[in-house]
Number of protein chains: 2
Amino acid sequence: MHPSLRIGAIAGVLVFGSAQAVETPAPSSAPKNIIYMIGDGMGPAYTTAYRYYQAGQAGSPVTPTVFDQLLVGLASTYPDDDTYVTDSAASATALASGVKSYNGAIGVDRRETPVEGVLAKARRAGWATGVVATSQINHATPAGFVAHVASRRMYDAIAQQYVNARIADNSMLDLMLGGGQKYFSRDPGGLAEQLAEQGYQQIWALEEMDKLTRLPAMGLVAEVGMPYALDSDAPHRLAQMTDKALSLLSEPEGGFFLMVEGSQIDWCGHGNDIACAMAEMHDFALAIERAKAFVDAHPETLLVITADHSTGGLTLGAEGTYAWKPEVVAQVHRSANALTDALMAGGAEALAQSWQAHVDFALSEEELAGLKQALGRGEKALQSAVLNVINRRSVTGWTTGGHTAVDVPVMAYGTGAEAFVGYQDNTEIPKRMMALMGW
Amino acid sequence: MHPSLRIGAIAGVLVFGSAQAVETPAPSSAPKNIIYMIGDGMGPAYTTAYRYYQAGQAGSPVTPTVFDQLLVGLASTYPDDDTYVTDSAASATALASGVKSYNGAIGVDRRETPVEGVLAKARRAGWATGVVATSQINHATPAGFVAHVASRRMYDAIAQQYVNARIADNSMLDLMLGGGQKYFSRDPGGLAEQLAEQGYQQIWALEEMDKLTRLPAMGLVAEVGMPYALDSDAPHRLAQMTDKALSLLSEPEGGFFLMVEGSQIDWCGHGNDIACAMAEMHDFALAIERAKAFVDAHPETLLVITADHSTGGLTLGAEGTYAWKPEVVAQVHRSANALTDALMAGGAEALAQSWQAHVDFALSEEELAGLKQALGRGEKALQSAVLNVINRRSVTGWTTGGHTAVDVPVMAYGTGAEAFVGYQDNTEIPKRMMALMGW
């Protein structure tokens with residue numbers, strides 16, 4: 001624990017410096033609900049970028065975002081090996097259970113022994129439970145809260161555990177919303193049918209959301225992951241699912257635990273696609289605003305937000321230029337994936353027009369010639385050239401298609417939020433939740 | 001101001017969430033001394049890297065650093081233009097006076113009008129004042145606290161203001177420790193002589209530090225900047241100067257304001273030289289430990305630590321590899337500058353031996369061949385090749401020789417520290433100091 005910030009909610013005393021103890025009364029009660037939100041890949045460059053993207057998009061002065069409003073500290077993310085760079089599985093396990101493990105581990109320690117996480121403990125305490133993600137619902141981050149398998153690649157085993165895991169004769173999850181139809185077969189005897197037999201309301205498209213009216217419920221609204229926000233007809237799909245989750249989970253009297261993942265911030269980061277990443281950040285920010293409004297209306301709730309790691313080695317400014325240009329990022333209305341598909345479909349002759357159908361700045365002659373050349377070399381070369389134009393124009397830097405070790409932001413709000421002020425290892429986050437709850 | 005964290009020291013109430021007000025008593029008093037420490041270029045990747053570098057060097061588990069112990073939040077650093085990426089001058093002006101200005105501005109606003117900073121206000125209140133840096137003492141960061149000129153390049157004008165600036169008939173500075181002999185001529189009538197006539201004790205080498213026994217005092221211990229910590233006989237020179245400054249400034253009864261800059265973290269970052277940067281971080285960490293110990297002994301002191309921006313687009317992990325290798329960084333015992341000089345001096349034949357005189361890992365045959373080739377192309381090519389070996393071996397990424405816009409860490413300790421919890425713009429830091437003081 002942070003040696004100089006003894007935490008008000010635990011110790012009853014918030015201490016800055018050894019000599020000045022600012023006495024605070026113990027909180028009147030532990031939280032009655034916990035909302036735990038994870039921006040996958042959302043390192044500090046992403047929360048910074050989002051602030052300036054908002055200003056650049058609106059052409060307005062810089063104003064604090066919801067991330068800024070709720071920021072209380074930073075968390076380290078290193079896994080239980082000598083790499084210092086975590087993957088989403090080890091980090092999800094750490095964030096769920098407080099136990100560091102190896103990259104790839106889902107809810108198991110380094111010896112592959114299952115470790116119980118905060119969602120299961122909430123279930124044990126009789127709380128309603130739910131997970132929401134824009135990835136397949138059995139992807140690493142949500143899986144780390146629900147399942148126990150040796151490898152994140154064991155998607156079928158994870159889905160099976162979502163269906164079959166029990167805590168004291170109760171199913172583990174009352175609610176799952178996200179992608180992943182592929183892993184929950186609707187064939188006779190398949191996992192979807194098993195869930196229906198357990199009484200789950202089911203939907204298979206985002207537009208059917210209103211049909212979910214009570215728990216248990218599930219919505220698997222994409223075959224695998226949902227479309228990128230930037231390419232989607234429903235760019236605020238995470239905010240929409242978070243609304244539904246809060247409405248369903250808060251109905252029972254006994255409290256709830258909800259995990260919400262902004263899954264695809266990370267995917268855009270792996271693609272070094274800044275416009276894609278900012279659209280995902282926006283959906284995540286809107287989801288957080290929904291959660292914050294819920295806390296305002298139900299102040300006995302704890303809201304904690306963090307990231308599992310940072311992705312792509314994103315930097316704002318690059319190659320010696322002292323500038324970042326979010327207004328350029330805001331002019332790009334498709335992910336590099338989708339933009340490349342559109343350019344390929346249109347062909348070399350129509351390239352300038354195809355570009356302008358999706359991007360608000362015109363290509364220079366040099367850029368146009370470069371993209372045409374790349375198109376001739378195939379889709380992969382073209383996508384790389386598309387990203388180069390956007391990254392160079394916006395002065396966005398990237399160092400990797402993987403993850404980096406930089407500490408990630410921690411935000412907290414509501415009952416017990418003061419327990420998360422300052423630096424903490426990612427394993428401390430669930431430990432502090434459990435300490436608040438006496439679990 | 002942070003909308004959900006109303007600040008205990010100002011409002012008497014520390015609020016997390018709109019509904020739970022954790023009542024805190026108003027602090028018994030405003031701080032009687034302020035120590036303000038700035039790690040130039042020290043973005044969040046640097047404080048993260050230093051934690052793992054410490055572990056990698058010792059071959060021990062990860063433990064929190066002094067940065068971790070004191071962390072309370074993050075600060076944005078954008079300047080007063082549309083670039084979002086600040087230089088050290090605009091940021092020093094913001095951190096000193098609470099006023100955003102253009103890149104290059106030293107203590108002036110966008111119309112080049114002087115703005116009074118927290119050091120001058122401390123002086124006005126009768127406090128002793130000092131600045132300490134490992135750069136020339138009239139470099140951008142310290143200059144932003146003392147001088148008012150249109151451009152950071154006006155080194156002579158800045159030095160002249162150090163000597164001549166007055167607040168109510170008092171000189172602005174009681175103490176200056178750092179480099180910069182070049183700008184304070186010892187010729188008859190020169191600035192050094194003028195300072196001597198004003199009663200300043202003077203030293204011109206770090207080894208003479210004991211000769212400084214009372215205020216006013218100055219030590220200009222290098223022609224321009226001091227040698228890199230990694231190349232220095234006195235690698236802990238900032239800690240040493242900080243000790244001296246605290247000892248001299250705390251002698252008078254009336255309180256003191258001390259600005260300490262870890263100047264060369266930034267310079268190593270501009271060079272994309274991770275071993276150089278980590279040695280500077282270590283000296284800065286030791287200086288902070290001295291300041292922290294002072295606060296423990298004199299708890300009426302406020303210690304605030306931050307950075308002016310991040311440099312180099314540093315990332316821990318690069319090129320798709322899920323690892324960072326601080327143990328490799330710890331094996332490098334010279335800056336890339338000095339290492340290149342040594343390799344050039346030794347020549348191609350002795351290259352492997354010259355390398356091993358300064359680096360604890362042996363070059364592969366491929367690396368050796370590459371360095372020999374580069375040596376043939378001259379010093380610049382060789383230095384770039386040297387950096388490539390170190391960065392590739394340690395999996396360190398960089399995107400620029402300049403700065404980036406990512407938010408920077410904020411640490412605080414002692415009386416009034418709670419005023420700095422959460423997200424804040426860099427201009428808020430001096431404003432909050434002034435609010436604490438009623439200045």
# chains A, B, ... in the order shown; residues from 1 in each chain; ligands from 1
$ residues_around --residues "B:Leu314" --least-positions-apart "2" --cutoff "12 Å" --atoms "only C-alpha atoms" --output "PDB file with N, CA and C atoms, in the first residue's frame"
ATOM      1  N   ALA A  45      -1.499   8.293 -22.796  1.00  0.00           N
ATOM      2  CA  ALA A  45      -1.533   9.038 -24.066  1.00  0.00           C
ATOM      3  C   ALA A  45      -2.937   9.031 -24.659  1.00  0.00           C
ATOM      4  N   GLY A 312       0.267   0.073 -28.503  1.00  0.00           N
ATOM      5  CA  GLY A 312       0.759   0.719 -29.718  1.00  0.00           C
ATOM      6  C   GLY A 312       1.920   1.683 -29.501  1.00  0.00           C
ATOM      7  N   GLY A 313       2.237   2.009 -28.242  1.00  0.00           N
ATOM      8  CA  GLY A 313       3.269   3.029 -28.020  1.00  0.00           C
ATOM      9  C   GLY A 313       2.851   4.360 -28.624  1.00  0.00           C
ATOM     10  N   LEU A 314       1.574   4.703 -28.419  1.00  0.00           N
ATOM     11  CA  LEU A 314       1.025   5.961 -28.960  1.00  0.00           C
ATOM     12  C   LEU A 314       1.737   7.174 -28.376  1.00  0.00           C
ATOM     13  N   THR A 315       2.141   8.104 -29.251  1.00  0.00           N
ATOM     14  CA  THR A 315       2.629   9.405 -28.768  1.00  0.00           C
ATOM     15  C   THR A 315       1.992  10.527 -29.585  1.00  0.00           C
ATOM     16  N   LEU A 316       1.760  11.647 -28.921  1.00  0.00           N
ATOM     17  CA  LEU A 316       1.091  12.818 -29.516  1.00  0.00           C
ATOM     18  C   LEU A 316       2.176  13.805 -29.880  1.00  0.00           C
ATOM     19  N   GLY A 317       2.533  13.820 -31.160  1.00  0.00           N
ATOM     20  CA  GLY A 317       3.763  14.467 -31.612  1.00  0.00           C
ATOM     21  C   GLY A 317       4.707  13.355 -32.028  1.00  0.00           C
ATOM     22  N   ALA A 318       5.514  13.608 -33.072  1.00  0.00           N
ATOM     23  CA  ALA A 318       6.439  12.591 -33.597  1.00  0.00           C
ATOM     24  C   ALA A 318       7.440  13.239 -34.527  1.00  0.00           C
ATOM     25  N   GLY A 397       2.530   9.450 -33.312  1.00  0.00           N
ATOM     26  CA  GLY A 397       3.599   8.465 -33.303  1.00  0.00           C
ATOM     27  C   GLY A 397       3.154   7.133 -32.705  1.00  0.00           C
ATOM     28  N   TRP A 398       3.742   6.063 -33.168  1.00  0.00           N
ATOM     29  CA  TRP A 398       3.504   4.711 -32.637  1.00  0.00           C
ATOM     30  C   TRP A 398       4.845   3.972 -32.647  1.00  0.00           C
ATOM     31  N   THR A 399       5.067   3.095 -31.695  1.00  0.00           N
ATOM     32  CA  THR A 399       6.328   2.351 -31.701  1.00  0.00           C
ATOM     33  C   THR A 399       6.146   0.850 -31.858  1.00  0.00           C
ATOM     34  N   THR A 400       4.896   0.369 -31.846  1.00  0.00           N
ATOM     35  CA  THR A 400       4.685  -1.079 -31.812  1.00  0.00           C
ATOM     36  C   THR A 400       3.267  -1.441 -32.239  1.00  0.00           C
ATOM     37  N   THR A 404       2.736  -1.738 -24.380  1.00  0.00           N
ATOM     38  CA  THR A 404       3.889  -1.172 -23.673  1.00  0.00           C
ATOM     39  C   THR A 404       3.619  -1.193 -22.170  1.00  0.00           C
ATOM     40  N   ALA A 405       4.636  -0.843 -21.395  1.00  0.00           N
ATOM     41  CA  ALA A 405       4.585  -1.043 -19.940  1.00  0.00           C
ATOM     42  C   ALA A 405       4.192   0.197 -19.157  1.00  0.00           C
ATOM     43  N   VAL A 406       3.924   1.316 -19.835  1.00  0.00           N
ATOM     44  CA  VAL A 406       3.657   2.562 -19.104  1.00  0.00           C
ATOM     45  C   VAL A 406       2.465   2.398 -18.145  1.00  0.00           C
TER      46      VAL A 406
ATOM     47  N   GLY B  41      11.051  16.950 -18.953  1.00  0.00           N
ATOM     48  CA  GLY B  41      10.822  15.860 -19.908  1.00  0.00           C
ATOM     49  C   GLY B  41      10.272  14.589 -19.297  1.00  0.00           C
ATOM     50  N   MET B  42       9.982  14.607 -17.974  1.00  0.00           N
ATOM     51  CA  MET B  42       9.645  13.386 -17.234  1.00  0.00           C
ATOM     52  C   MET B  42       8.172  12.996 -17.370  1.00  0.00           C
ATOM     53  N   GLY B  43       7.782  12.505 -18.536  1.00  0.00           N
ATOM     54  CA  GLY B  43       6.430  11.990 -18.723  1.00  0.00           C
ATOM     55  C   GLY B  43       6.215  10.685 -17.967  1.00  0.00           C
ATOM     56  N   PRO B  44       4.988  10.153 -18.023  1.00  0.00           N
ATOM     57  CA  PRO B  44       4.672   8.938 -17.258  1.00  0.00           C
ATOM     58  C   PRO B  44       5.502   7.722 -17.655  1.00  0.00           C
ATOM     59  N   ALA B  45       5.991   7.669 -18.896  1.00  0.00           N
ATOM     60  CA  ALA B  45       6.843   6.532 -19.276  1.00  0.00           C
ATOM     61  C   ALA B  45       8.175   6.570 -18.526  1.00  0.00           C
ATOM     62  N   TYR B  46       8.615   7.749 -18.126  1.00  0.00           N
ATOM     63  CA  TYR B  46       9.890   7.871 -17.398  1.00  0.00           C
ATOM     64  C   TYR B  46       9.749   7.408 -15.949  1.00  0.00           C
ATOM     65  N   THR B  47       8.671   7.811 -15.294  1.00  0.00           N
ATOM     66  CA  THR B  47       8.498   7.366 -13.903  1.00  0.00           C
ATOM     67  C   THR B  47       8.223   5.866 -13.852  1.00  0.00           C
ATOM     68  N   THR B  48       7.496   5.363 -14.850  1.00  0.00           N
ATOM     69  CA  THR B  48       7.294   3.909 -14.934  1.00  0.00           C
ATOM     70  C   THR B  48       8.630   3.204 -15.178  1.00  0.00           C
ATOM     71  N   ALA B  49       9.371   3.695 -16.155  1.00  0.00           N
ATOM     72  CA  ALA B  49      10.650   3.073 -16.513  1.00  0.00           C
ATOM     73  C   ALA B  49      11.595   3.035 -15.317  1.00  0.00           C
ATOM     74  N   ILE B 265      17.089  14.997 -17.708  1.00  0.00           N
ATOM     75  CA  ILE B 265      16.193  13.914 -18.125  1.00  0.00           C
ATOM     76  C   ILE B 265      15.752  14.213 -19.556  1.00  0.00           C
ATOM     77  N   ASP B 266      15.387  15.453 -19.761  1.00  0.00           N
ATOM     78  CA  ASP B 266      14.960  15.944 -21.073  1.00  0.00           C
ATOM     79  C   ASP B 266      16.057  15.815 -22.127  1.00  0.00           C
ATOM     80  N   CYS B 268      18.609  13.783 -22.273  1.00  0.00           N
ATOM     81  CA  CYS B 268      18.779  12.366 -22.631  1.00  0.00           C
ATOM     82  C   CYS B 268      17.612  11.908 -23.499  1.00  0.00           C
ATOM     83  N   GLY B 269      16.405  12.402 -23.175  1.00  0.00           N
ATOM     84  CA  GLY B 269      15.229  12.060 -23.973  1.00  0.00           C
ATOM     85  C   GLY B 269      15.337  12.570 -25.396  1.00  0.00           C
ATOM     86  N   HIS B 270      15.802  13.815 -25.546  1.00  0.00           N
ATOM     87  CA  HIS B 270      16.023  14.343 -26.902  1.00  0.00           C
ATOM     88  C   HIS B 270      17.007  13.454 -27.666  1.00  0.00           C
ATOM     89  N   GLY B 271      17.985  12.909 -26.950  1.00  0.00           N
ATOM     90  CA  GLY B 271      18.971  12.019 -27.582  1.00  0.00           C
ATOM     91  C   GLY B 271      18.481  10.593 -27.745  1.00  0.00           C
ATOM     92  N   ASN B 272      17.240  10.305 -27.277  1.00  0.00           N
ATOM     93  CA  ASN B 272      16.694   8.939 -27.310  1.00  0.00           C
ATOM     94  C   ASN B 272      17.645   7.950 -26.629  1.00  0.00           C
ATOM     95  N   ASP B 273      18.225   8.411 -25.505  1.00  0.00           N
ATOM     96  CA  ASP B 273      19.261   7.651 -24.804  1.00  0.00           C
ATOM     97  C   ASP B 273      18.714   7.197 -23.447  1.00  0.00           C
ATOM     98  N   ILE B 274      18.223   5.966 -23.396  1.00  0.00           N
ATOM     99  CA  ILE B 274      17.496   5.486 -22.214  1.00  0.00           C
ATOM    100  C   ILE B 274      18.415   5.323 -20.996  1.00  0.00           C
ATOM    101  N   ALA B 277      18.965   8.695 -19.584  1.00  0.00           N
ATOM    102  CA  ALA B 277      17.741   9.197 -18.937  1.00  0.00           C
ATOM    103  C   ALA B 277      17.532   8.555 -17.575  1.00  0.00           C
ATOM    104  N   MET B 278      17.801   7.258 -17.468  1.00  0.00           N
ATOM    105  CA  MET B 278      17.568   6.574 -16.189  1.00  0.00           C
ATOM    106  C   MET B 278      18.557   7.045 -15.115  1.00  0.00           C
ATOM    107  N   HIS B 309       6.755  18.451 -19.465  1.00  0.00           N
ATOM    108  CA  HIS B 309       6.261  17.759 -20.665  1.00  0.00           C
ATOM    109  C   HIS B 309       6.975  16.422 -20.706  1.00  0.00           C
ATOM    110  N   SER B 310       6.653  15.579 -21.680  1.00  0.00           N
ATOM    111  CA  SER B 310       7.414  14.344 -21.888  1.00  0.00           C
ATOM    112  C   SER B 310       8.277  14.509 -23.137  1.00  0.00           C
ATOM    113  N   THR B 311       9.428  13.864 -23.129  1.00  0.00           N
ATOM    114  CA  THR B 311      10.385  14.039 -24.233  1.00  0.00           C
ATOM    115  C   THR B 311      10.657  12.722 -24.954  1.00  0.00           C
ATOM    116  N   GLY B 312      10.753  12.796 -26.268  1.00  0.00           N
ATOM    117  CA  GLY B 312      11.260  11.672 -27.059  1.00  0.00           C
ATOM    118  C   GLY B 312      10.217  10.655 -27.490  1.00  0.00           C
ATOM    119  N   LEU B 316       8.041   1.791 -23.440  1.00  0.00           N
ATOM    120  CA  LEU B 316       8.696   0.633 -22.822  1.00  0.00           C
ATOM    121  C   LEU B 316       8.137  -0.611 -23.490  1.00  0.00           C
ATOM    122  N   GLY B 317       8.892  -1.135 -24.431  1.00  0.00           N
ATOM    123  CA  GLY B 317       8.385  -2.125 -25.375  1.00  0.00           C
ATOM    124  C   GLY B 317       8.301  -1.439 -26.729  1.00  0.00           C
ATOM    125  N   ALA B 318       8.580  -2.178 -27.802  1.00  0.00           N
ATOM    126  CA  ALA B 318       8.574  -1.602 -29.148  1.00  0.00           C
ATOM    127  C   ALA B 318       8.547  -2.724 -30.179  1.00  0.00           C
ATOM    128  N   TRP B 324      10.019  -5.201 -21.884  1.00  0.00           N
ATOM    129  CA  TRP B 324      11.008  -4.140 -21.772  1.00  0.00           C
ATOM    130  C   TRP B 324      12.120  -4.696 -20.897  1.00  0.00           C
ATOM    131  N   ASN B 391      18.743   0.521 -27.719  1.00  0.00           N
ATOM    132  CA  ASN B 391      17.278   0.555 -27.764  1.00  0.00           C
ATOM    133  C   ASN B 391      16.701  -0.783 -28.214  1.00  0.00           C
ATOM    134  N   VAL B 395      14.560  -3.135 -25.869  1.00  0.00           N
ATOM    135  CA  VAL B 395      13.185  -3.004 -26.395  1.00  0.00           C
ATOM    136  C   VAL B 395      12.572  -1.657 -25.998  1.00  0.00           C
ATOM    137  N   THR B 396      13.374  -0.601 -26.167  1.00  0.00           N
ATOM    138  CA  THR B 396      12.931   0.751 -25.865  1.00  0.00           C
ATOM    139  C   THR B 396      12.513   1.447 -27.156  1.00  0.00           C
ATOM    140  N   GLY B 397      11.334   2.069 -27.158  1.00  0.00           N
ATOM    141  CA  GLY B 397      10.847   2.776 -28.339  1.00  0.00           C
ATOM    142  C   GLY B 397      10.887   4.284 -28.155  1.00  0.00           C
ATOM    143  N   TRP B 398      11.092   4.995 -29.248  1.00  0.00           N
ATOM    144  CA  TRP B 398      11.067   6.468 -29.277  1.00  0.00           C
ATOM    145  C   TRP B 398      10.383   6.876 -30.568  1.00  0.00           C
ATOM    146  N   THR B 399       9.679   7.993 -30.555  1.00  0.00           N
ATOM    147  CA  THR B 399       9.037   8.443 -31.799  1.00  0.00           C
ATOM    148  C   THR B 399       9.545   9.793 -32.276  1.00  0.00           C
ATOM    149  N   THR B 400      10.392  10.468 -31.480  1.00  0.00           N
ATOM    150  CA  THR B 400      10.766  11.833 -31.833  1.00  0.00           C
ATOM    151  C   THR B 400      12.040  12.263 -31.104  1.00  0.00           C
ATOM    152  N   GLY B 401      12.727  13.231 -31.677  1.00  0.00           N
ATOM    153  CA  GLY B 401      13.794  13.915 -30.951  1.00  0.00           C
ATOM    154  C   GLY B 401      13.262  15.116 -30.196  1.00  0.00           C
ATOM    155  N   GLY B 402      11.955  15.353 -30.288  1.00  0.00           N
ATOM    156  CA  GLY B 402      11.342  16.501 -29.609  1.00  0.00           C
ATOM    157  C   GLY B 402      10.451  16.084 -28.448  1.00  0.00           C
ATOM    158  N   HIS B 403       9.413  16.857 -28.224  1.00  0.00           N
ATOM    159  CA  HIS B 403       8.503  16.616 -27.099  1.00  0.00           C
ATOM    160  C   HIS B 403       7.188  16.000 -27.576  1.00  0.00           C
ATOM    161  N   THR B 404       6.399  15.504 -26.631  1.00  0.00           N
ATOM    162  CA  THR B 404       5.045  15.028 -26.935  1.00  0.00           C
ATOM    163  C   THR B 404       4.066  15.630 -25.931  1.00  0.00           C
ATOM    164  N   ALA B 405       2.780  15.404 -26.179  1.00  0.00           N
ATOM    165  CA  ALA B 405       1.732  16.128 -25.432  1.00  0.00           C
ATOM    166  C   ALA B 405       1.148  15.347 -24.266  1.00  0.00           C
ATOM    167  N   VAL B 406       1.637  14.140 -24.016  1.00  0.00           N
ATOM    168  CA  VAL B 406       1.021  13.308 -22.971  1.00  0.00           C
ATOM    169  C   VAL B 406       1.051  14.021 -21.614  1.00  0.00           C
TER     170      VAL B 406
END
$ residues_around --residues "B:Pro216" --least-positions-apart "5" --cutoff "6 Å" --atoms "only C-alpha atoms" --output "list in words"
Asp174, Leu175 and Tyr200 of chain B
$ write_last_selection --atoms "all heavy atoms" --output "short mmCIF file (atom, residue, chain, number, x, y, z; two decimals), in the first residue's frame"
data_model
loop_
_atom_site.label_atom_id
_atom_site.label_comp_id
_atom_site.auth_asym_id
_atom_site.auth_seq_id
_atom_site.Cartn_x
_atom_site.Cartn_y
_atom_site.Cartn_z
N ASP B 174 18.23 34.44 -3.56
CA ASP B 174 19.27 34.29 -2.54
C ASP B 174 20.27 33.21 -2.92
O ASP B 174 21.37 33.17 -2.38
CB ASP B 174 18.63 33.89 -1.20
CG ASP B 174 17.77 34.99 -0.65
OD1 ASP B 174 18.30 36.09 -0.45
OD2 ASP B 174 16.56 34.74 -0.46
N LEU B 175 19.84 32.32 -3.79
CA LEU B 175 20.67 31.15 -4.08
C LEU B 175 20.47 30.70 -5.50
O LEU B 175 19.34 30.58 -5.96
CB LEU B 175 20.28 30.00 -3.13
CG LEU B 175 21.06 28.70 -3.31
CD1 LEU B 175 22.52 28.87 -2.87
CD2 LEU B 175 20.40 27.57 -2.56
N TYR B 200 27.21 37.96 -2.58
CA TYR B 200 27.05 36.53 -2.84
C TYR B 200 28.35 35.78 -2.58
O TYR B 200 29.39 36.13 -3.13
CB TYR B 200 26.64 36.27 -4.29
CG TYR B 200 25.18 36.51 -4.59
CD1 TYR B 200 24.69 37.81 -4.68
CD2 TYR B 200 24.29 35.45 -4.77
CE1 TYR B 200 23.34 38.04 -4.97
CE2 TYR B 200 22.96 35.68 -5.06
CZ TYR B 200 22.48 36.98 -5.15
OH TYR B 200 21.16 37.20 -5.42
#
$ residues_around --residues "stretch 78-82 of chain A" --least-positions-apart "5" --cutoff "8 Å" --atoms "only C-alpha atoms" --output "list in words"
Asp87, Ala90, Ser91, Lys100, Ser101, Tyr102, Asn103, Arg110 and Ala405 of chain A; Ala323 of chain B
$ write_last_selection --atoms "C-alpha atoms" --output "mmCIF file, in the first residue's frame"
data_model
loop_
_atom_site.group_PDB
_atom_site.id
_atom_site.type_symbol
_atom_site.label_atom_id
_atom_site.label_comp_id
_atom_site.auth_asym_id
_atom_site.auth_seq_id
_atom_site.Cartn_x
_atom_site.Cartn_y
_atom_site.Cartn_z
ATOM 1 C CA ASP A 87 -1.168 -8.814 -22.088
ATOM 2 C CA ALA A 90 -2.735 -11.426 -17.167
ATOM 3 C CA SER A 91 -3.942 -7.898 -16.551
ATOM 4 C CA LYS A 100 -0.437 -11.423 -10.804
ATOM 5 C CA SER A 101 -0.050 -14.183 -13.352
ATOM 6 C CA TYR A 102 1.594 -15.013 -16.654
ATOM 7 C CA ASN A 103 0.621 -13.498 -20.000
ATOM 8 C CA ARG A 110 1.195 -18.932 -12.281
ATOM 9 C CA ALA A 405 4.585 -1.043 -19.940
ATOM 10 C CA ALA B 323 8.853 -6.934 -23.084
#
$ select_by_dssp --residues "stretch 100-150 of chain A" --states "helix (DSSP H, G or I)" --output "ChimeraX atom specification"
/A:118-124,140-146
$ residues_around --residues "A:Thr65" --least-positions-apart "3" --cutoff "8 Å" --atoms "only C-alpha atoms" --output "list in words"
Tyr50, Arg51, Asp68 and Gln69 of chain A
$ residues_around --residues "stretch 122-125 of chain B" --least-positions-apart "5" --cutoff "7 Å" --atoms "only C-alpha atoms" --output "ChimeraX atom specification"
/B:167,172,257
